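Undergrad: Next up, run.cif (mmCIF, C-alpha atoms).
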```
data_data
#
loop_
_atom_site.label_atom_id
_atom_site.label_comp_id
_atom_site.auth_asym_id
_atom_site.auth_seq_id
_atom_site.Cartn_x
_atom_site.Cartn_y
_atom_site.Cartn_z
CA MET J 1 80.05 -211.35 128.23
CA ALA J 2 77.83 -210.91 131.28
CA LYS J 3 75.42 -208.01 131.53
CA VAL J 4 75.63 -205.98 134.76
CA GLY J 5 72.65 -206.09 137.12
CA LYS J 6 69.12 -207.41 136.56
CA SER J 7 67.44 -204.31 135.10
CA PRO J 8 69.93 -201.44 134.96
CA PRO J 9 68.47 -198.06 133.99
CA GLN J 10 68.89 -197.20 130.34
CA GLN J 11 71.98 -195.10 129.73
CA THR J 12 72.66 -193.09 126.60
CA ALA J 13 75.49 -191.15 125.03
CA LYS J 14 75.90 -188.78 122.10
CA LEU J 15 77.71 -189.97 118.98
CA VAL J 16 80.55 -187.46 118.44
CA GLN J 17 82.43 -188.90 115.49
CA VAL J 18 83.73 -191.92 113.65
CA LEU J 19 87.42 -192.51 114.37
CA GLU J 20 88.15 -195.45 112.08
CA TYR J 21 86.33 -196.34 108.87
CA VAL J 22 87.06 -199.49 106.85
CA ASP J 23 84.02 -200.76 104.92
CA GLY J 24 81.97 -199.11 107.66
CA PRO J 25 82.64 -197.59 111.11
CA GLN J 26 85.23 -199.59 113.07
CA ALA J 27 85.87 -197.18 115.98
CA VAL J 28 83.74 -194.31 117.30
CA LEU J 29 83.75 -191.70 120.04
CA LEU J 30 80.69 -191.08 122.22
CA GLU J 31 80.14 -188.50 124.95
CA LYS J 32 78.04 -188.70 128.12
CA SER J 33 79.36 -185.47 129.68
CA ASP J 34 82.41 -183.21 129.49
CA ASP J 35 84.42 -185.67 131.61
CA GLN J 36 82.72 -188.90 130.49
CA LYS J 37 83.61 -190.12 127.01
CA ILE J 38 83.30 -193.56 125.49
CA VAL J 39 85.70 -194.99 122.93
CA ALA J 40 84.24 -198.02 121.22
CA VAL J 41 85.22 -200.55 118.56
CA ALA J 42 83.17 -202.78 116.29
CA ILE J 43 82.99 -206.41 117.45
CA ASN J 44 81.64 -209.83 116.44
CA PRO J 45 79.73 -210.90 119.58
CA ILE J 46 80.21 -214.52 120.49
CA GLY J 47 76.91 -216.40 120.43
CA GLU J 48 74.82 -213.27 119.79
CA LYS J 49 73.53 -212.24 116.39
CA THR J 50 70.75 -209.78 117.28
CA LYS J 51 72.76 -206.58 116.81
CA LYS J 52 73.28 -205.23 113.29
CA TYR J 53 76.37 -203.12 114.06
CA PRO J 54 77.59 -204.21 117.52
CA PHE J 55 80.20 -202.16 119.40
CA PHE J 56 82.09 -202.54 122.67
CA GLY J 57 83.21 -199.38 124.49
CA ALA J 58 85.04 -198.12 127.60
CA GLU J 59 84.11 -195.00 129.59
CA ILE J 60 87.16 -192.75 129.90
CA SER J 61 87.81 -189.27 131.28
CA PHE J 62 88.52 -186.10 129.35
CA ASP J 63 92.12 -186.23 130.57
CA GLN J 64 92.54 -189.76 129.22
CA TRP J 65 91.05 -188.70 125.89
CA GLN J 66 93.54 -185.83 125.68
CA ARG J 67 96.42 -188.20 126.41
CA TYR J 68 95.18 -190.57 123.74
CA ARG J 69 94.79 -187.78 121.18
CA ARG J 70 98.44 -186.85 121.69
CA ASP J 71 99.65 -190.46 121.30
CA PHE J 72 100.75 -190.80 124.94
CA VAL J 73 98.71 -193.98 125.34
CA ASP J 74 97.38 -196.54 122.87
CA LEU J 75 93.78 -197.60 122.34
CA ARG J 76 94.17 -200.83 124.30
CA PHE J 77 95.19 -198.89 127.41
CA LEU J 78 91.88 -196.96 127.34
CA PHE J 79 89.93 -200.22 127.29
CA MET J 80 92.00 -201.89 130.00
CA PHE J 81 92.18 -198.93 132.42
CA PRO J 82 89.26 -196.53 131.79
CA ARG J 83 88.98 -193.82 134.43
CA TRP J 84 85.33 -194.57 135.23
CA ARG J 85 85.73 -198.36 135.16
CA ARG J 86 82.61 -198.94 133.06
CA TRP J 87 82.17 -200.79 129.78
CA PHE J 88 79.22 -200.86 127.39
CA GLU J 89 77.76 -202.63 124.40
CA PHE J 90 75.53 -200.93 121.86
CA ASP J 91 74.22 -201.27 118.33
CA LEU J 92 75.15 -198.41 116.02
CA ALA J 93 71.98 -199.17 114.08
CA ASP J 94 69.96 -197.94 117.10
CA VAL J 95 71.29 -194.38 116.88
CA THR J 96 68.53 -191.75 116.72
CA ASP J 97 69.47 -188.06 116.36
CA LYS J 98 73.01 -189.05 117.39
CA ILE J 99 71.76 -190.54 120.70
CA VAL J 100 73.06 -194.07 121.37
CA PRO J 101 71.31 -196.45 123.85
CA LEU J 102 73.90 -198.24 125.99
CA THR J 103 73.97 -201.55 127.82
CA VAL J 104 76.36 -201.89 130.77
CA VAL J 105 78.57 -205.00 130.56
CA GLN J 106 81.57 -206.55 132.27
CA LYS J 107 85.10 -206.51 130.86
CA ASP J 108 85.70 -210.20 131.44
CA ALA J 109 88.26 -212.61 129.99
CA THR J 110 86.17 -213.07 126.85
CA ALA J 111 86.05 -209.34 126.23
CA GLU J 112 89.79 -208.98 126.77
CA GLN J 113 90.54 -211.81 124.35
CA PHE J 114 88.08 -211.00 121.56
CA TYR J 115 86.91 -207.37 121.90
CA VAL J 116 89.66 -205.24 123.44
CA PRO J 117 91.99 -203.83 120.73
CA ASP J 118 95.53 -205.12 120.40
CA ALA J 119 98.41 -203.04 121.76
CA GLY J 120 100.17 -200.52 119.57
CA PHE J 121 97.23 -198.75 117.89
CA PHE J 122 97.43 -194.98 118.51
CA ALA J 123 95.29 -191.96 117.66
CA SER J 124 97.62 -191.03 114.82
CA ASP J 125 96.78 -194.40 113.20
CA HIS J 126 93.09 -193.55 112.77
CA SER J 127 91.76 -193.23 109.24
CA GLU J 128 89.59 -190.24 110.18
CA PRO J 129 90.87 -186.90 111.52
CA ILE J 130 89.97 -186.32 115.17
CA PHE J 131 87.80 -183.28 115.75
CA SER J 132 89.61 -180.73 117.87
CA ASP J 133 88.00 -179.93 121.22
CA GLU J 134 90.85 -177.79 122.49
CA THR J 135 90.20 -174.24 123.57
CA GLU J 136 90.60 -171.44 121.06
CA GLY J 137 93.83 -169.48 121.01
CA LEU J 138 96.27 -172.39 121.16
CA ALA J 139 99.45 -171.52 119.34
CA THR J 140 102.86 -172.97 118.57
CA GLN J 141 105.95 -171.21 119.88
CA THR J 142 109.17 -172.09 118.04
CA TYR J 143 112.64 -171.81 119.55
CA LEU J 144 115.54 -171.96 117.07
CA THR J 145 118.65 -173.16 118.89
CA ASP J 146 122.33 -172.71 118.09
CA GLY J 147 125.63 -173.69 119.66
CA LYS J 148 126.26 -176.89 121.58
CA TRP J 149 123.29 -178.52 123.28
CA ASP J 150 123.10 -181.66 125.39
CA LEU J 151 119.91 -183.30 126.59
CA PRO J 152 120.18 -181.70 130.09
CA HIS J 153 120.22 -178.26 128.42
CA PHE J 154 116.96 -179.01 126.58
CA THR J 155 115.50 -180.28 129.84
CA ALA J 156 116.57 -177.11 131.69
CA LEU J 157 115.05 -174.90 128.99
CA TYR J 158 111.79 -176.81 129.04
CA HIS J 159 111.60 -176.57 132.85
CA GLN J 160 111.91 -172.79 132.71
CA ILE J 161 109.28 -172.55 129.97
CA THR J 162 106.81 -174.80 131.78
CA ASP J 163 107.30 -173.07 135.15
CA LEU J 164 106.70 -169.63 133.65
CA TYR J 165 103.76 -170.91 131.65
CA ALA J 166 102.16 -172.55 134.71
CA PHE J 167 102.64 -169.38 136.77
CA HIS J 168 100.96 -167.06 134.26
CA LEU J 169 98.23 -169.58 133.37
CA SER J 170 97.32 -170.12 137.02
CA LEU J 171 96.80 -166.39 137.56
CA LYS J 172 94.62 -166.20 134.45
CA LYS J 173 92.56 -169.18 135.54
CA PHE J 174 92.05 -167.91 139.07
CA VAL J 175 90.30 -164.74 137.90
CA ASN J 176 88.32 -166.53 135.18
CA ALA J 177 84.72 -166.95 136.28
CA ASN J 178 84.48 -170.20 134.31
CA THR J 179 87.24 -171.89 136.33
CA PRO J 180 85.71 -174.45 138.71
CA ILE J 181 85.85 -173.60 142.42
CA ASP J 182 88.04 -176.61 143.25
CA GLN J 183 90.66 -175.54 140.68
CA ARG J 184 90.74 -172.01 142.09
CA ARG J 185 91.13 -173.47 145.57
CA HIS J 186 94.06 -175.62 144.42
CA ILE J 187 95.74 -172.57 142.88
CA ARG J 188 95.40 -170.67 146.14
CA ASP J 189 96.66 -173.68 148.09
CA ALA J 190 99.75 -173.83 145.85
CA PHE J 191 100.67 -170.27 146.85
CA THR J 192 99.82 -170.58 150.53
CA GLY J 193 100.65 -174.21 151.25
CA HIS J 194 104.47 -174.09 151.37
CA PRO J 195 106.79 -172.50 153.95
CA LEU J 196 109.18 -171.20 151.24
CA LYS J 197 112.22 -171.72 153.42
CA GLY J 198 114.39 -173.30 150.73
CA GLY J 199 114.67 -174.81 147.27
CA SER J 200 112.26 -177.73 147.64
CA SER J 201 109.45 -175.43 148.77
CA TYR J 202 109.70 -173.43 145.56
CA VAL J 203 109.86 -176.59 143.46
CA ASN J 204 106.71 -177.82 145.22
CA LEU J 205 104.96 -174.51 144.56
CA TYR J 206 105.48 -174.84 140.80
CA SER J 207 104.77 -178.57 140.89
CA ASP J 208 101.39 -177.83 142.46
CA LEU J 209 100.64 -175.24 139.79
CA HIS J 210 101.55 -177.81 137.11
CA SER J 211 99.44 -180.57 138.64
CA ASN J 212 96.35 -178.35 138.77
CA GLN J 213 96.33 -177.95 134.99
CA LEU J 214 94.07 -180.13 132.91
CA PHE J 215 95.97 -182.19 130.39
CA GLY J 216 94.66 -180.13 127.49
CA GLU J 217 95.91 -176.92 129.15
CA ARG J 218 99.49 -178.05 129.58
CA LEU J 219 102.31 -177.26 127.25
CA SER J 220 102.99 -179.98 124.74
CA VAL J 221 106.22 -180.49 122.85
CA GLY J 222 105.89 -180.65 119.09
CA LYS J 223 109.02 -180.76 117.01
CA LEU J 224 112.31 -181.39 118.81
CA GLN J 225 115.29 -181.24 116.49
CA TYR J 226 118.36 -182.25 118.45
CA ALA J 227 121.09 -180.62 116.37
CA SER J 228 123.00 -177.38 115.95
CA PRO J 229 121.18 -175.45 114.68
CA GLY J 230 118.10 -177.11 116.12
CA GLN J 231 114.48 -176.41 116.87
CA VAL J 232 112.03 -176.86 119.74
CA ASP J 233 108.28 -176.34 119.24
CA VAL J 234 105.88 -176.05 122.16
CA ARG J 235 102.12 -175.69 121.94
CA GLY J 236 100.03 -173.68 124.38
CA ARG J 237 97.78 -170.68 124.90
CA LEU J 238 98.54 -167.63 122.81
CA ASP J 239 97.81 -165.15 125.62
CA ILE J 240 100.23 -166.90 127.98
CA PHE J 241 102.98 -166.92 125.35
CA ALA J 242 102.37 -163.18 124.94
CA GLU J 243 102.91 -162.57 128.67
CA MET J 244 106.10 -164.62 128.61
CA ALA J 245 107.29 -162.60 125.60
CA LEU J 246 106.66 -159.37 127.53
CA SER J 247 108.73 -160.64 130.47
CA LEU J 248 111.56 -161.58 128.12
CA SER J 249 111.51 -158.19 126.38
CA GLN J 250 111.75 -156.46 129.77
CA PHE J 251 114.87 -158.45 130.61
CA GLU J 252 116.45 -157.79 127.22
CA GLY J 253 116.07 -154.04 127.61
CA ARG J 254 116.38 -153.47 131.36
CA TYR J 255 118.17 -156.47 132.83
CA ARG J 256 120.64 -154.56 135.01
CA GLU J 257 117.92 -152.33 136.42
CA ILE J 258 115.66 -155.31 137.18
CA LYS J 259 118.57 -157.18 138.74
CA GLU J 260 119.26 -154.23 141.06
CA VAL J 261 115.65 -154.22 142.25
CA TYR J 262 115.85 -157.97 142.82
CA ASN J 263 119.13 -157.57 144.73
CA ALA J 264 117.61 -154.86 146.96
CA LEU J 265 114.78 -157.16 148.02
CA HIS J 266 117.02 -160.19 148.37
CA LEU J 267 119.59 -158.28 150.46
CA PHE J 268 116.90 -156.87 152.76
CA LEU J 269 115.57 -160.36 153.43
CA GLN J 270 119.08 -161.73 153.84
CA LYS J 271 120.12 -159.10 156.40
CA GLY J 272 116.91 -159.68 158.32
CA LYS J 273 117.50 -163.45 158.24
CA MET J 274 114.15 -163.86 156.48
CA LEU J 275 115.28 -165.95 153.52
CA ARG J 276 115.14 -169.16 155.58
CA MET J 277 112.28 -167.96 157.76
CA ASP J 278 108.93 -169.75 157.73
CA ALA J 279 106.58 -167.06 156.46
CA ASP J 280 103.61 -168.56 158.30
CA ASP J 281 105.07 -169.41 161.70
CA GLU J 282 108.06 -167.09 162.19
CA PHE J 283 107.20 -163.85 160.38
CA ASP J 284 105.16 -161.04 161.94
CA ASN J 285 103.12 -159.65 159.08
CA SER J 286 101.89 -156.61 161.03
CA THR J 287 105.20 -154.75 161.54
CA ALA J 288 107.01 -151.94 159.74
CA ILE J 289 109.47 -154.56 158.45
CA ALA J 290 106.58 -156.40 156.80
CA ARG J 291 105.45 -153.18 155.14
CA ARG J 292 108.98 -152.58 153.85
CA VAL J 293 109.13 -156.12 152.47
CA ARG J 294 105.81 -155.53 150.70
CA ALA J 295 107.06 -152.25 149.20
CA LEU J 296 110.29 -153.80 147.88
CA ALA J 297 108.34 -156.74 146.46
CA ASP J 298 105.93 -154.36 144.74
CA ASP J 299 108.96 -152.62 143.18
CA LEU J 300 110.12 -155.95 141.77
CA ALA J 301 106.66 -156.79 140.45
CA GLY J 302 106.58 -153.38 138.79
CA VAL J 303 109.86 -153.72 136.87
CA LEU J 304 108.89 -157.27 135.88
CA LYS J 305 105.67 -155.83 134.40
CA LEU J 306 103.57 -158.48 136.12
CA GLU J 307 99.96 -158.05 135.14
CA LYS J 308 98.36 -158.69 138.53
CA PRO J 309 100.77 -158.27 141.47
CA ALA J 310 97.86 -157.55 143.83
CA LEU J 311 96.39 -160.94 142.93
CA ILE J 312 99.70 -162.68 143.76
CA TYR J 313 99.74 -160.88 147.11
CA ASP J 314 96.17 -162.00 147.78
CA LEU J 315 96.95 -165.61 146.81
CA THR J 316 99.79 -165.73 149.35
CA GLY J 317 97.29 -164.92 152.08
CA LYS J 318 98.43 -161.26 152.04
CA ASN J 319 101.65 -162.36 153.68
CA ALA J 320 104.36 -159.88 152.69
CA LEU J 321 107.26 -162.31 153.13
CA LYS J 322 105.61 -165.10 151.18
CA TYR J 323 104.65 -162.61 148.45
CA ALA J 324 108.27 -161.42 148.24
CA LYS J 325 109.66 -164.95 148.08
CA VAL J 326 107.25 -165.94 145.29
CA LEU J 327 108.42 -162.93 143.26
CA LEU J 328 112.08 -163.78 143.91
CA ALA J 329 111.45 -167.31 142.66
CA HIS J 330 109.63 -165.97 139.60
CA PHE J 331 112.54 -163.62 138.82
CA ARG J 332 115.04 -166.49 138.99
CA ARG J 333 113.08 -168.48 136.45
CA ILE J 334 112.77 -165.56 134.05
CA GLU J 335 116.48 -164.87 134.47
CA ARG J 336 117.47 -168.45 133.60
CA TYR J 337 115.10 -168.33 130.63
CA PHE J 338 116.58 -164.99 129.51
CA PHE J 339 120.17 -166.24 129.63
CA PHE J 340 119.46 -168.88 126.99
CA PHE J 341 118.85 -165.95 124.66
CA ALA J 342 121.57 -163.68 126.03
CA GLU J 343 124.15 -166.43 125.44
CA GLY J 344 123.13 -166.62 121.79
CA ARG J 345 121.88 -170.18 122.14
CA ILE J 346 118.28 -169.35 121.19
CA LYS J 347 116.89 -166.80 118.77
CA GLU J 348 113.81 -164.72 119.58
CA PRO J 349 110.91 -167.20 119.89
CA GLN J 350 108.50 -167.19 116.98
CA ILE J 351 104.79 -167.60 117.74
CA ILE J 352 102.49 -169.15 115.15
CA ASP J 353 98.98 -167.80 115.73
CA PRO J 354 96.42 -170.39 114.54
CA SER J 355 93.96 -167.61 113.62
CA GLU J 356 96.28 -166.20 110.97
#
```
How does this structure look as structure tokens?

TA:
Amino acid sequence: MAKVGKSPPQQTAKLVQVLEYVDGPQAVLLEKSDDQKIVAVAINPIGEKTKKYPFFGAEISFDQWQRYRRDFVDLRFLFMFPRWRRWFEFDLADVTDKIVPLTVVQKDATAEQFYVPDAGFFASDHSEPIFSDETEGLATQTYLTDGKWDLPHFTALYHQITDLYAFHLSLKKFVNANTPIDQRRHIRDAFTGHPLKGGSSYVNLYSDLHSNQLFGERLSVGKLQYASPGQVDVRGRLDIFAEMALSLSQFEGRYREIKEVYNALHLFLQKGKMLRMDADDEFDNSTAIARRVRALADDLAGVLKLEKPALIYDLTGKNALKYAKVLLAHFRRIERYFFFFAEGRIKEPQIIDPSE
């Protein structure tokens, strides 16, 4: 296997953990930075006997590591398509204070044939438990289902859950000082970047909010029992589940009242022919009509018990019509979510707090 360059600068990484142990370490995880990780496997180098414990590794991203941890990709995929397109050799015997000296190499035909793992080996196959690097507060929310369910019904439920989750999570992330500037910009762009003239615009809004989440932040499906009664488990942030539970409790106790407030806003926009109006190019945001739209939208945000309506208004570029349409779209998703419970098809969701 050819080395890269004549005298490449010495690179190092931190040994995080052993992933596979059979008569010694067989697979390990290293870390160069938060978004630069190296998965490596023990090898028998062809024609080279100088290393005591030789390893071959691929430099992957944090997102790829998260996908691997959840068994979405196998180990071979990480070696064949690493995000940073770099491969290394090192000797585990050279580790000092968990720092590993690395040598940059090529992934050539020899490496693919003799060093890259075979297909079909997943994270769940490792002999050693993988250390969790997920954020604190992740919880499991369990939905117990009843009645007749087909696959499209499960899909519809999951879409409502993920849309609501992405909406609340995006607002939390935007005001979090630790959220990178580019992620905050993408959240703002999701709210301001669509004309909201029809269905596809709203779908694109939520799609943009989804796509801005890191893989480890997204909802993941745990148990899915396709039966009657059945069960669906989803894993995510505890605080976001709590906000979704508050929205659901509001609907359960005050649905007719909330629906009337929604209808008042929707009817006002309908009579003014604003539902299909481009909020950026066709709506005058400086008029008395705009102020009335803002007031009706604030009423809806109030009965929905949204935590930060002023933030939503700011994210829409302080455009009253766009603000109102975002709230209408949010109501429709909560309503569809609520009706799964109102129809008796799902019992009150149970949240398992990992701290308890």

Undergrad: Go through the shown structure with the PyMOL selection byres ((chain J and resi 171) around 10) and write out the matching residues as JSON, numbers by chain.

TA: {"J": [166, 167, 168, 169, 170, 172, 173, 174, 175, 176, 184, 187, 188, 209, 307, 308, 309, 311, 312, 315]}

Undergrad: Determine, counting only C-alpha atoms, which protein, DNA and RNA residues have an atom within 9 Å of an atom of segment 262-267 of chain J; residues of the same chain fewer than 6 positions away are not included. Present the result as a PDB file with C-alpha atoms, in the coordinates of the input.

TA:
```pdb
ATOM      1  CA  LEU J 275     115.280-165.950 153.520  1.00  0.00           C
ATOM      2  CA  VAL J 293     109.130-156.120 152.470  1.00  0.00           C
ATOM      3  CA  LEU J 296     110.290-153.800 147.880  1.00  0.00           C
ATOM      4  CA  ALA J 297     108.340-156.740 146.460  1.00  0.00           C
ATOM      5  CA  ASP J 299     108.960-152.620 143.180  1.00  0.00           C
ATOM      6  CA  LEU J 300     110.120-155.950 141.770  1.00  0.00           C
ATOM      7  CA  ALA J 324     108.270-161.420 148.240  1.00  0.00           C
ATOM      8  CA  LYS J 325     109.660-164.950 148.080  1.00  0.00           C
ATOM      9  CA  LEU J 327     108.420-162.930 143.260  1.00  0.00           C
ATOM     10  CA  LEU J 328     112.080-163.780 143.910  1.00  0.00           C
ATOM     11  CA  PHE J 331     112.540-163.620 138.820  1.00  0.00           C
TER      12      PHE J 331
END
```

Undergrad: Evaluating the PyMOL selection byres ((chain J and resi 40) around 8) on the displayed file yields which residues, as a ChimeraX atom specification?

TA: /J:27-30,38-39,41-42,55-58

Undergrad: Determine the residue set returned by the PyMOL selection byres ((chain J and resi 351) around 12) for the present structure, and present it as a PDB file with C-alpha atoms, in the coordinates of the input.

TA:
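Wrote it out as expr-v8.pdb, contents follow:
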```pdb
ATOM      1  CA  GLY J 137      93.830-169.480 121.010  1.00  0.00           C
ATOM      2  CA  LEU J 138      96.270-172.390 121.160  1.00  0.00           C
ATOM      3  CA  ALA J 139      99.450-171.520 119.340  1.00  0.00           C
ATOM      4  CA  THR J 140     102.860-172.970 118.570  1.00  0.00           C
ATOM      5  CA  GLN J 141     105.950-171.210 119.880  1.00  0.00           C
ATOM      6  CA  THR J 142     109.170-172.090 118.040  1.00  0.00           C
ATOM      7  CA  TYR J 143     112.640-171.810 119.550  1.00  0.00           C
ATOM      8  CA  LEU J 144     115.540-171.960 117.070  1.00  0.00           C
ATOM      9  CA  VAL J 232     112.030-176.860 119.740  1.00  0.00           C
ATOM     10  CA  ASP J 233     108.280-176.340 119.240  1.00  0.00           C
ATOM     11  CA  VAL J 234     105.880-176.050 122.160  1.00  0.00           C
ATOM     12  CA  ARG J 235     102.120-175.690 121.940  1.00  0.00           C
ATOM     13  CA  GLY J 236     100.030-173.680 124.380  1.00  0.00           C
ATOM     14  CA  ARG J 237      97.780-170.680 124.900  1.00  0.00           C
ATOM     15  CA  LEU J 238      98.540-167.630 122.810  1.00  0.00           C
ATOM     16  CA  ASP J 239      97.810-165.150 125.620  1.00  0.00           C
ATOM     17  CA  ILE J 240     100.230-166.900 127.980  1.00  0.00           C
ATOM     18  CA  PHE J 241     102.980-166.920 125.350  1.00  0.00           C
ATOM     19  CA  ALA J 242     102.370-163.180 124.940  1.00  0.00           C
ATOM     20  CA  MET J 244     106.100-164.620 128.610  1.00  0.00           C
ATOM     21  CA  ALA J 245     107.290-162.600 125.600  1.00  0.00           C
ATOM     22  CA  GLU J 348     113.810-164.720 119.580  1.00  0.00           C
ATOM     23  CA  PRO J 349     110.910-167.200 119.890  1.00  0.00           C
ATOM     24  CA  GLN J 350     108.500-167.190 116.980  1.00  0.00           C
ATOM     25  CA  ILE J 352     102.490-169.150 115.150  1.00  0.00           C
ATOM     26  CA  ASP J 353      98.980-167.800 115.730  1.00  0.00           C
ATOM     27  CA  PRO J 354      96.420-170.390 114.540  1.00  0.00           C
ATOM     28  CA  SER J 355      93.960-167.610 113.620  1.00  0.00           C
ATOM     29  CA  GLU J 356      96.280-166.200 110.970  1.00  0.00           C
TER      30      GLU J 356
END
```

Undergrad: Report, in Å to a single decimal, how far apart atom CA of Phe191 of chain J and atom CA of Asn204 of chain J are.

TA: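 Between atom CA of Asn204 of chain J and atom CA of Phe191 of chain J the gap is 9.8 Å.
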
Undergrad: Quick one: distance from atom CA of Leu157 of chain J to atom CA of Tyr337 of chain J in Å, one decimal?

TA: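 So the answer is 6.8 Å.
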
Undergrad: Quick one: what's the axis-aligned box for segment 202-207 of chain J, all listed atoms, 3 Å on every side, centre and edges in Å to one decimal, as lines of an AutoDock Vina configuration file?

TA:
```
center_x = 107.3
center_y = -176.0
center_z = 143.2
size_x = 11.1
size_y = 11.1
size_z = 10.8
```

Undergrad: For a test of reading the model, state the distance in Å between atom CA of Lys107 of chain J and atom CA of Pro54 of chain J, rounded to one decimal.

TA: 15.5 Å

Undergrad: I'd like the neighbourhood of segment 61-65 of chain J as a VMD selection string, where a residue qualifies if any of its atoms comes within 8 Å (using all atoms listed in the file), though same-chain residues fewer than 4 positions away should be ignored.

TA: chain J and resid 34 to 37 69 78 82 to 84 214 to 216

Undergrad: Could you check which of J:His153, J:Arg85, J:Arg294, J:Arg332 is closest to Phe268 of chain J, using only C-alpha atoms?

TA: J:Arg294

Undergrad: Quick one: everything within 7 Å of segment 18-25 of chain J, counting only C-alpha atoms, minus sequence neighbours fewer than 6 positions away in the same chain. Send it as a ChimeraX atom specification.

TA: /J:126-128,130

Undergrad: J:Arg333, J:Arg218, J:Arg256, J:Arg67: which is nearest Tyr202 of chain J, counting all atoms listed in the file?

TA: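 Of J:Arg333, J:Arg218, J:Arg256, J:Arg67, the one nearest Tyr202 of chain J is J:Arg333, counting all atoms listed in the file.
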
Undergrad: Would you please work out which residue, of J:Leu304, J:Leu196, J:Ile258, J:Ile334, is nearest to Ile161 of chain J when using all atoms listed in the file?

TA: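 Looking only at the distances to Ile161 of chain J, the closest residue turns out to be J:Ile334.
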
Undergrad: Determine the nearest neighbour of Arg86 of chain J from the options J:Ala301, J:Val104, J:Ala288, J:Leu15, counting only C-alpha atoms.

TA: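 With only C-alpha atoms as the atom set, the closest residue is J:Val104.
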